[in-house]
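Enquirer: Enclosed is the structure file input-v6.txt (compact mmCIF, C-alpha atoms).
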# COMPACT_ATOMS: atom_id res chain seq x y z
CA MET O 183 51.73 52.91 5.34
CA ASP O 184 54.66 54.73 7.13
CA GLN O 185 56.36 51.38 7.81
CA ILE O 186 56.11 50.40 4.14
CA LYS O 187 57.63 53.75 3.05
CA SER O 188 60.49 53.28 5.51
CA GLN O 189 61.28 49.84 4.15
CA ILE O 190 61.34 51.12 0.54
CA SER O 191 63.59 54.06 1.48
CA SER O 192 66.08 51.77 3.21
CA ILE O 193 66.66 49.75 0.04
CA ASP O 194 66.58 52.67 -2.43
CA PRO O 195 69.99 52.81 -4.19
CA LEU O 196 69.72 56.54 -4.68
CA ALA O 197 69.61 57.06 -0.92
CA GLN O 198 72.97 55.23 -0.28
CA GLU O 199 76.31 56.95 0.19
CA PRO O 200 78.20 56.97 -3.13
CA GLU O 201 81.39 55.00 -3.29
CA ALA O 202 84.65 56.82 -3.88
CA GLU O 203 85.53 57.01 -7.56
CA ILE O 204 88.75 55.34 -8.69
CA ASN O 205 91.40 57.43 -10.51
CA GLY O 206 91.77 55.65 -13.82
CA GLU O 207 95.03 57.30 -14.92
CA GLU O 208 96.70 56.46 -11.60
CA ALA O 209 95.58 52.88 -11.86
CA LEU O 210 96.85 52.64 -15.50
CA ALA O 211 100.27 54.05 -14.60
CA ARG O 212 100.54 51.64 -11.74
CA MET O 213 99.73 48.74 -14.06
CA LEU O 214 102.32 49.83 -16.68
CA THR O 215 105.17 50.66 -14.35
CA GLY O 216 104.60 47.94 -11.81
CA PRO O 217 105.98 44.49 -11.99
CA ARG O 218 104.37 42.23 -14.56
CA VAL O 219 102.68 39.91 -12.10
CA PHE O 220 99.26 38.63 -13.15
CA SER O 221 96.69 37.83 -10.43
CA ASP O 222 92.97 37.00 -10.32
CA THR O 223 92.63 39.02 -7.17
CA VAL O 224 90.68 42.25 -7.62
CA PRO O 225 92.44 45.25 -6.11
CA ALA O 226 91.08 46.67 -2.92
CA GLY O 227 88.25 49.09 -3.42
CA VAL O 228 87.33 47.67 -6.90
CA SER O 229 84.06 45.79 -7.27
CA SER O 230 84.04 42.75 -9.47
CA LEU O 231 81.69 42.37 -12.42
CA GLN O 232 79.79 39.55 -10.69
CA ASP O 233 79.31 41.68 -7.58
CA ARG O 234 77.88 44.45 -9.71
CA ARG O 235 75.45 42.02 -11.36
CA ASN O 236 74.32 40.56 -8.01
CA ARG O 237 73.87 44.09 -6.68
CA LYS O 238 71.56 44.97 -9.60
CA VAL O 239 69.52 41.79 -9.07
CA ARG O 240 69.10 42.60 -5.39
CA ILE O 241 68.03 46.12 -6.17
CA ALA O 242 65.42 44.92 -8.75
CA GLY O 243 64.04 42.28 -6.31
CA ALA O 244 63.73 44.85 -3.54
CA LEU O 245 61.84 47.22 -5.80
CA LEU O 246 59.48 44.40 -6.86
CA LEU O 247 58.77 43.39 -3.24
CA GLY O 248 58.13 46.97 -2.28
CA ALA O 249 55.65 47.46 -5.11
CA ALA O 250 53.85 44.24 -4.14
CA ALA O 251 53.64 45.32 -0.53
CA VAL O 252 52.13 48.66 -1.49
CA THR O 253 49.59 47.02 -3.75
CA ALA O 254 48.60 44.54 -1.02
CA GLY O 255 48.15 47.32 1.50
CA VAL O 256 45.90 49.27 -0.86
CA LEU O 257 43.75 46.19 -1.52
CA VAL O 258 43.40 45.32 2.18
CA ALA O 259 42.47 48.89 3.04
CA ALA O 260 39.88 48.98 0.23
CA ASN O 261 38.24 45.66 1.23
CA PHE O 262 38.10 46.02 5.01
CA GLY O 263 37.78 49.79 5.31
CA PRO O 264 38.93 51.71 8.34
CA ILE O 265 39.76 49.75 11.47
CA SER O 266 37.18 50.37 14.19
CA SER O 267 36.80 48.94 17.68
CA THR O 268 32.99 48.78 17.24
CA PRO O 269 31.88 45.50 15.63
CA ALA O 270 29.87 45.76 12.45
CA PRO O 271 26.21 44.76 12.66
CA ALA O 272 25.35 41.19 11.69
CA VAL O 273 24.08 40.76 8.17
CA THR O 274 21.66 37.96 7.28
CA VAL O 275 22.42 36.50 3.87
CA THR O 276 19.40 34.94 2.19
CA THR O 277 20.02 32.48 -0.61
CA PRO O 278 17.30 32.86 -3.23
CA GLU O 279 15.49 29.64 -4.03
CA PRO O 280 15.60 28.57 -7.64
CA THR O 281 12.40 29.23 -9.51
CA PRO O 282 11.10 26.06 -11.19
CA THR O 283 10.65 26.32 -14.92
CA PRO O 284 7.04 25.46 -15.85
CA SER O 285 8.00 23.74 -19.07
CA VAL O 286 11.23 22.27 -20.39
CA SER O 287 12.13 22.22 -24.05
CA ALA O 288 14.28 19.43 -25.47
CA THR O 289 15.97 21.92 -27.86
CA SER O 290 18.90 23.98 -26.55
CA SER O 291 18.25 27.73 -26.40
CA ALA O 292 21.84 28.58 -27.42
CA SER O 293 22.47 28.94 -31.14
CA ALA O 294 25.87 28.99 -32.91
CA SER O 295 26.87 32.17 -34.78
CA ALA O 296 29.76 32.67 -37.26
CA THR O 297 30.18 36.36 -36.27
CA PRO O 298 32.28 36.83 -33.12
CA SER O 299 30.67 38.85 -30.38
CA GLY O 300 32.28 41.03 -27.77
CA ALA O 301 30.37 39.44 -24.84
CA PRO O 302 30.02 35.68 -24.45
CA THR O 303 26.50 34.38 -24.93
CA PRO O 304 25.28 32.44 -21.88
CA VAL O 305 24.32 28.87 -22.68
CA THR O 306 21.31 27.41 -20.88
CA PRO O 307 21.91 23.72 -20.02
CA THR O 308 19.45 21.43 -21.72
CA GLN O 309 17.28 19.33 -19.39
CA PRO O 310 15.60 16.13 -20.52
CA ALA O 311 11.88 16.32 -21.06
CA PRO O 312 9.85 14.66 -18.27
CA ALA O 313 8.53 11.21 -19.07
CA ILE O 314 4.82 11.09 -19.85
CA VAL O 315 3.09 8.67 -17.46
CA PRO O 316 -0.24 7.36 -18.77
CA PRO O 317 -3.12 7.84 -16.32
CA VAL O 318 -4.01 4.76 -14.30
CA ALA O 319 -7.65 3.85 -14.25
CA PRO O 320 -9.03 3.62 -10.67
CA THR O 321 -9.81 0.12 -9.44
CA PRO O 322 -13.58 -0.25 -9.14
CA THR O 323 -14.79 -0.95 -5.61
CA PRO O 324 -16.94 -4.09 -5.43
CA THR O 325 -20.57 -3.28 -4.80
CA VAL O 326 -21.92 -4.73 -1.56
CA PRO O 327 -25.70 -5.22 -1.55
CA PRO O 328 -27.23 -2.90 1.04
CA VAL O 329 -28.89 -4.58 4.02
CA ALA O 330 -31.92 -2.84 5.52
CA ALA O 331 -32.25 -2.03 9.20
CA LEU O 332 -33.06 -5.07 11.32
CA GLN O 333 -35.78 -6.05 13.76
CA LYS O 334 -35.57 -8.86 16.33
CA PHE O 335 -38.08 -11.64 16.87
CA THR O 336 -38.14 -14.00 19.89
CA PHE O 337 -40.33 -17.06 20.22
CA PRO O 338 -42.95 -16.96 23.01
CA ASP O 339 -40.95 -19.38 25.21
CA GLY O 340 -37.91 -17.00 25.01
CA HIS O 341 -35.43 -19.60 23.71
CA ILE O 342 -34.90 -18.93 19.99
CA SER O 343 -34.54 -15.46 18.48
CA PHE O 344 -33.38 -14.02 15.14
CA ASN O 345 -33.08 -10.71 13.27
CA TYR O 346 -34.97 -9.86 10.11
CA PRO O 347 -35.12 -6.77 7.81
CA SER O 348 -37.46 -3.89 8.53
CA GLY O 349 -40.52 -4.11 6.30
CA TRP O 350 -40.68 -7.90 6.61
CA THR O 351 -43.18 -9.58 8.91
CA VAL O 352 -43.24 -12.71 11.08
CA GLN O 353 -46.33 -14.84 11.58
CA THR O 354 -46.41 -17.50 14.34
CA GLU O 355 -48.46 -20.69 14.38
CA GLN O 356 -48.85 -23.85 16.35
CA GLY O 357 -46.15 -26.35 15.53
CA PRO O 358 -46.55 -30.14 15.22
CA TYR O 359 -46.72 -32.02 18.53
CA LEU O 360 -47.20 -35.57 19.80
CA SER O 361 -48.97 -34.90 23.09
CA GLU O 362 -50.62 -32.14 25.04
CA GLU O 363 -47.54 -31.88 27.23
CA THR O 364 -45.38 -30.93 24.22
CA LYS O 365 -47.97 -28.81 22.42
CA ALA O 366 -47.17 -25.47 24.06
CA ALA O 367 -43.43 -25.75 23.34
CA SER O 368 -43.89 -26.40 19.60
CA GLN O 369 -44.08 -23.13 17.69
CA GLY O 370 -43.57 -22.22 14.04
CA ALA O 371 -42.64 -18.82 12.51
CA THR O 372 -43.26 -17.93 8.87
CA ILE O 373 -41.25 -14.97 7.53
CA LEU O 374 -42.78 -12.82 4.77
CA ASP O 375 -40.87 -10.21 2.75
CA SER O 376 -42.05 -6.64 2.09
CA ALA O 377 -44.21 -7.90 -0.81
CA GLY O 378 -45.94 -10.44 1.45
CA ALA O 379 -44.26 -13.49 -0.14
CA GLU O 380 -43.20 -16.38 2.11
CA VAL O 381 -39.39 -16.54 2.09
CA ALA O 382 -38.39 -18.62 5.16
CA ARG O 383 -39.58 -20.77 8.08
CA ILE O 384 -38.14 -21.33 11.54
CA ASN O 385 -39.55 -23.97 13.90
CA SER O 386 -38.82 -24.53 17.58
CA GLY O 387 -39.59 -27.20 20.19
CA PHE O 388 -41.13 -29.94 18.06
CA TYR O 389 -40.44 -33.63 17.57
CA GLY O 390 -38.01 -34.78 14.92
CA ASP O 391 -38.72 -36.98 11.91
CA GLY O 392 -37.70 -37.28 8.27
CA THR O 393 -36.04 -39.43 5.64
CA ALA O 394 -32.76 -39.27 3.73
CA GLY O 395 -31.21 -40.60 0.51
CA SER O 396 -27.99 -40.55 -1.50
CA VAL O 397 -27.06 -37.29 -3.21
CA ASP O 398 -24.10 -35.65 -4.90
CA ARG O 399 -23.87 -32.32 -3.03
CA THR O 400 -22.23 -29.12 -4.30
CA VAL O 401 -21.74 -26.53 -1.54
CA LEU O 402 -21.89 -22.97 -2.89
CA ASP O 403 -21.64 -21.07 0.40
CA ARG O 404 -21.23 -21.89 4.10
CA ALA O 405 -20.50 -20.10 7.39
CA VAL O 406 -20.63 -20.94 11.11
CA VAL O 407 -23.74 -19.87 13.05
CA PRO O 408 -22.23 -18.56 16.30
CA GLY O 409 -25.42 -18.55 18.42
CA VAL O 410 -26.49 -22.20 18.04
CA ARG O 411 -25.01 -25.57 19.10
CA ASP O 412 -26.90 -28.82 19.55
CA THR O 413 -27.24 -30.57 22.90
CA SER O 414 -23.98 -32.48 22.30
CA GLY O 415 -22.06 -29.27 21.50
CA GLY O 416 -22.00 -29.90 17.74
CA GLN O 417 -21.21 -26.95 15.50
CA VAL O 418 -24.01 -25.52 13.35
CA GLU O 419 -23.44 -23.89 9.94
CA PHE O 420 -25.32 -21.87 7.37
CA GLY O 421 -25.24 -23.49 3.92
CA PHE O 422 -26.39 -22.84 0.36
CA PHE O 423 -26.00 -25.92 -1.83
CA SER O 424 -27.43 -28.12 -4.59
CA ASN O 425 -28.17 -31.85 -4.38
CA LYS O 426 -28.14 -34.22 -7.34
CA VAL O 427 -30.10 -37.35 -6.37
CA GLN O 428 -28.22 -40.67 -6.78
CA TYR O 429 -29.58 -44.18 -7.27
CA ILE O 430 -29.38 -46.26 -4.10
CA PRO O 431 -27.27 -49.39 -4.67
CA TYR O 432 -29.23 -52.67 -4.29
CA ASP O 433 -27.37 -55.92 -3.75
CA GLY O 434 -30.32 -58.20 -2.98
CA PRO O 435 -32.14 -60.65 -5.28
CA ALA O 436 -34.12 -59.35 -8.22
CA TYR O 437 -37.86 -59.06 -7.72
CA GLU O 438 -40.40 -59.81 -10.39
CA GLY O 439 -41.56 -56.61 -12.03
CA MET O 440 -38.77 -54.51 -10.51
CA PRO O 441 -36.32 -52.70 -12.83
CA SER O 442 -32.71 -53.75 -12.87
CA PRO O 443 -30.64 -52.06 -10.15
CA ARG O 444 -28.92 -48.86 -11.28
CA THR O 445 -26.17 -46.70 -9.85
CA GLY O 446 -25.06 -43.11 -10.39
CA PRO O 447 -27.13 -39.95 -10.77
CA THR O 448 -30.80 -40.00 -11.63
CA ASP O 449 -32.31 -38.12 -14.54
CA ASP O 450 -33.96 -35.63 -12.17
CA PRO O 451 -32.57 -32.05 -12.10
CA PRO O 452 -30.68 -30.95 -8.99
CA PHE O 453 -32.61 -29.23 -6.23
CA TYR O 454 -31.28 -26.29 -4.18
CA ALA O 455 -31.48 -25.74 -0.44
CA MET O 456 -30.52 -22.93 1.96
CA ASP O 457 -30.70 -23.64 5.69
CA ILE O 458 -28.74 -24.11 8.92
CA ARG O 459 -27.65 -27.62 9.99
CA LEU O 460 -24.91 -29.52 11.77
CA SER O 461 -21.54 -29.29 10.02
CA SER O 462 -21.55 -33.09 9.68
CA GLU O 463 -24.75 -32.82 7.60
CA LEU O 464 -23.12 -30.40 5.11
CA GLU O 465 -20.52 -32.65 3.50
CA ALA O 466 -19.77 -32.13 -0.20
CA GLY O 467 -19.70 -34.96 -2.76
CA VAL O 468 -21.67 -38.20 -2.85
CA THR O 469 -23.14 -38.55 0.64
CA SER O 470 -26.41 -38.77 2.53
CA SER O 471 -28.90 -35.99 1.99
CA GLY O 472 -29.01 -35.74 5.78
CA THR O 473 -31.35 -33.47 7.74
CA ASN O 474 -31.56 -29.91 8.97
CA LEU O 475 -33.10 -30.91 12.31
CA ILE O 476 -31.03 -29.75 15.31
CA ARG O 477 -31.68 -31.19 18.80
CA MET O 478 -32.03 -28.43 21.40
CA PRO O 479 -32.91 -28.58 25.12
CA ASN O 480 -36.56 -27.69 24.39
CA GLY O 481 -36.91 -30.09 21.43
CA PHE O 482 -35.86 -29.99 17.79
CA MET O 483 -35.51 -26.84 15.72
CA ASN O 484 -34.84 -26.06 12.06
CA ALA O 485 -34.53 -22.89 9.94
CA TYR O 486 -34.58 -22.80 6.15
CA VAL O 487 -35.37 -20.67 3.09
CA VAL O 488 -38.55 -21.56 1.19
CA PHE O 489 -38.00 -22.23 -2.53
CA ASP O 490 -40.86 -22.84 -4.92
CA PHE O 491 -40.76 -26.61 -5.51
CA ASP O 492 -43.22 -26.27 -8.38
CA LYS O 493 -40.45 -24.52 -10.32
CA GLN O 494 -37.63 -27.00 -9.75
CA PRO O 495 -34.87 -26.56 -10.55
CA THR O 496 -35.08 -23.27 -8.66
CA PHE O 497 -32.26 -21.93 -10.84
CA ALA O 498 -31.93 -22.92 -14.50
CA THR O 499 -28.12 -23.25 -14.27
CA PRO O 500 -25.42 -23.26 -11.56
CA GLU O 501 -24.30 -19.91 -12.94
CA ALA O 502 -27.77 -18.47 -12.25
CA ALA O 503 -27.55 -19.71 -8.64
CA LYS O 504 -24.14 -18.07 -8.21
CA ALA O 505 -25.47 -14.82 -9.71
CA TRP O 506 -28.32 -14.79 -7.16
CA MET O 507 -25.70 -14.91 -4.38
CA GLY O 508 -24.81 -11.32 -5.27
CA SER O 509 -28.35 -10.03 -4.79
CA THR O 510 -29.80 -8.04 -1.89
CA GLN O 511 -32.35 -10.78 -1.17
CA TYR O 512 -29.60 -13.38 -0.75
CA ALA O 513 -27.68 -11.08 1.64
CA GLN O 514 -30.82 -10.49 3.72
CA LEU O 515 -31.71 -14.20 3.99
CA LYS O 516 -28.14 -15.22 4.83
CA ALA O 517 -27.86 -12.53 7.53
CA MET O 518 -31.17 -13.66 9.06
CA LEU O 519 -30.14 -17.33 9.29
CA LEU O 520 -26.72 -16.45 10.69
CA SER O 521 -28.41 -14.39 13.45
CA VAL O 522 -30.42 -17.32 14.84
CA SER O 523 -29.49 -17.95 18.49
CA TYR O 524 -30.71 -20.08 21.40
CA ASN O 525 -30.94 -18.77 24.95
Translate this structure into structure tokens?
Expert:
Amino acid sequence: MDQIKSQISSIDPLAQEPEAEINGEEALARMLTGPRVFSDTVPAGVSSLQDRRNRKVRIAGALLLGAAAVTAGVLVAANFGPISSTPAPAVTVTTPEPTPTPSVSATSSASASATPSGAPTPVTPTQPAPAIVPPVAPTPTPTVPPVAALQKFTFPDGHISFNYPSGWTVQTEQGPYLSEETKAASQGATILDSAGAEVARINSGFYGDGTAGSVDRTVLDRAVVPGVRDTSGGQVEFGFFSNKVQYIPYDGPAYEGMPSPRTGPTDDPPFYAMDIRLSSELEAGVTSSGTNLIRMPNGFMNAYVVFDFDKQPTFATPEAAKAWMGSTQYAQLKAMLLSVSYN
């Protein structure tokens, strides 16, 4: 502050030495008696009008700068306080988090008024109302039929085994044979459900026989049986299908008393089958009915579900057959046939 006062005092016009006053009468006499020579040059010791004006401007500017310097010093001293060699302790500034508004109104809270007010009314910015999203219904999870705990059955010779649900039973019997040498190897297993009804048969080690015809086959379900391959390495599959019997074409001469040859489907209803067989015996379309006999090292085997042939067709419509595929009984029978293996 002492330096600022010194600067103001140095430019104060009142603190300067006063200039010597000019004797007006002497100057007037000199002008009247002297030669009449006109000159723009100002006599020595006389300040011009422009110099006086510039001097006033300089004085006013100096006063203004001095006042500004004083004001600035006062403000600096007020903001920073006394100068100290000890640093001030650190201050942690915490920015408050904005508090979310639980509900937003689409109408502005500020209202216009015709009467002026001394303090301005704060205006709350209007936020758009959140879009209403309709609830989405959860996607229903498909129901999988439960499968009961399993038991394992192995034929007496140790070759063929399969799993079946707990509560079901397996009854063994002598299988068909051609000689005493093959009798011991031929065994049959009848599977009964928990109600004691026969639901499936599996045979092992017997001779093969059978007949076939022409059918129009519709395959409803199929899957590879991983534990069984025939002696030539052929793949075996589980299958659920329907067969529509076809007339067998006849190109020979007509016989007396025989009906005229016919082609196409017969009038009989389709019959349904569920078994395991070679993949080549499970072709769809018009083909041979084939066989479910599979040649194994110990003889032929087959495994199939028992349908009541007295109630053919087993299912009144194809839709009824497809509906049965979603039942627990279907899942149990399919799992049992897929578990068949040969050791």
Enquirer: Between O:Ser461, O:Ser376, O:Thr499, O:Thr364, which is the closest to Arg404 in chain O once you count only C-alpha atoms?
Expert: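 The answer is O:Ser461, which sits nearest to Arg404 in chain O.
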Enquirer: Using all atoms listed in the file, find the one residue out of O:Pro358, O:Gly248, O:Gly481, O:Gly243 that sits nearest to Tyr524 in chain O.
Expert: O:Gly481
Enquirer: Of the residues O:Leu210, O:Ala371, O:Val468, O:Leu332, which is the one nearest to Ile430 in chain O, using only C-alpha atoms?
Expert: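 The shortest atom-to-atom distance to Ile430 in chain O comes from O:Val468.
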Enquirer: Determine the nearest neighbour of Gly446 in chain O from the options O:Met478, O:Val397, O:Phe388, O:Thr354, counting only C-alpha atoms.
Expert: O:Val397
Enquirer: Quick check, in Å to one decimal: how far apart do CA of Leu374 in chain O and CA of Ala503 in chain O lie?
Expert: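 Taking CA of Leu374 in chain O as the start and CA of Ala503 in chain O as the end point, the length is 21.4 Å.
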Enquirer: I want to know what sits within 10 Å of Gly395 in chain O, based on all atoms listed in the file, with residues of the same chain fewer than 2 positions away left out; could you give that as a PyMOL selection string?
Expert: chain O and resi 393+397+427-430+469-472
Enquirer: Could you list as an MDAnalysis selection string every residue that has an atom within 10 Å of (-19.8, -15.8, 10.7), using the file's coordinates and counting all atoms listed in the file?
Expert: chainID O and resid 404:409 419:420 517 520:521
Enquirer: CA of Gln369 in chain O and CA of Ser348 in chain O are how many Å apart?
Expert: 22.3 Å
Enquirer: Have a look at O:Ile373, O:Leu519, O:Pro431, O:Ala367 and name the one nearest to Val418 in chain O; count all atoms listed in the file.
Expert: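 With all atoms listed in the file as the atom set, the closest residue is O:Leu519.
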Enquirer: Which residue, O:Tyr346, O:Phe491, O:Phe337, O:Phe423, has the smallest gap to Ser386 in chain O when you use all atoms listed in the file?
Expert: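 For Ser386 in chain O, the nearest of the candidates is O:Phe337.
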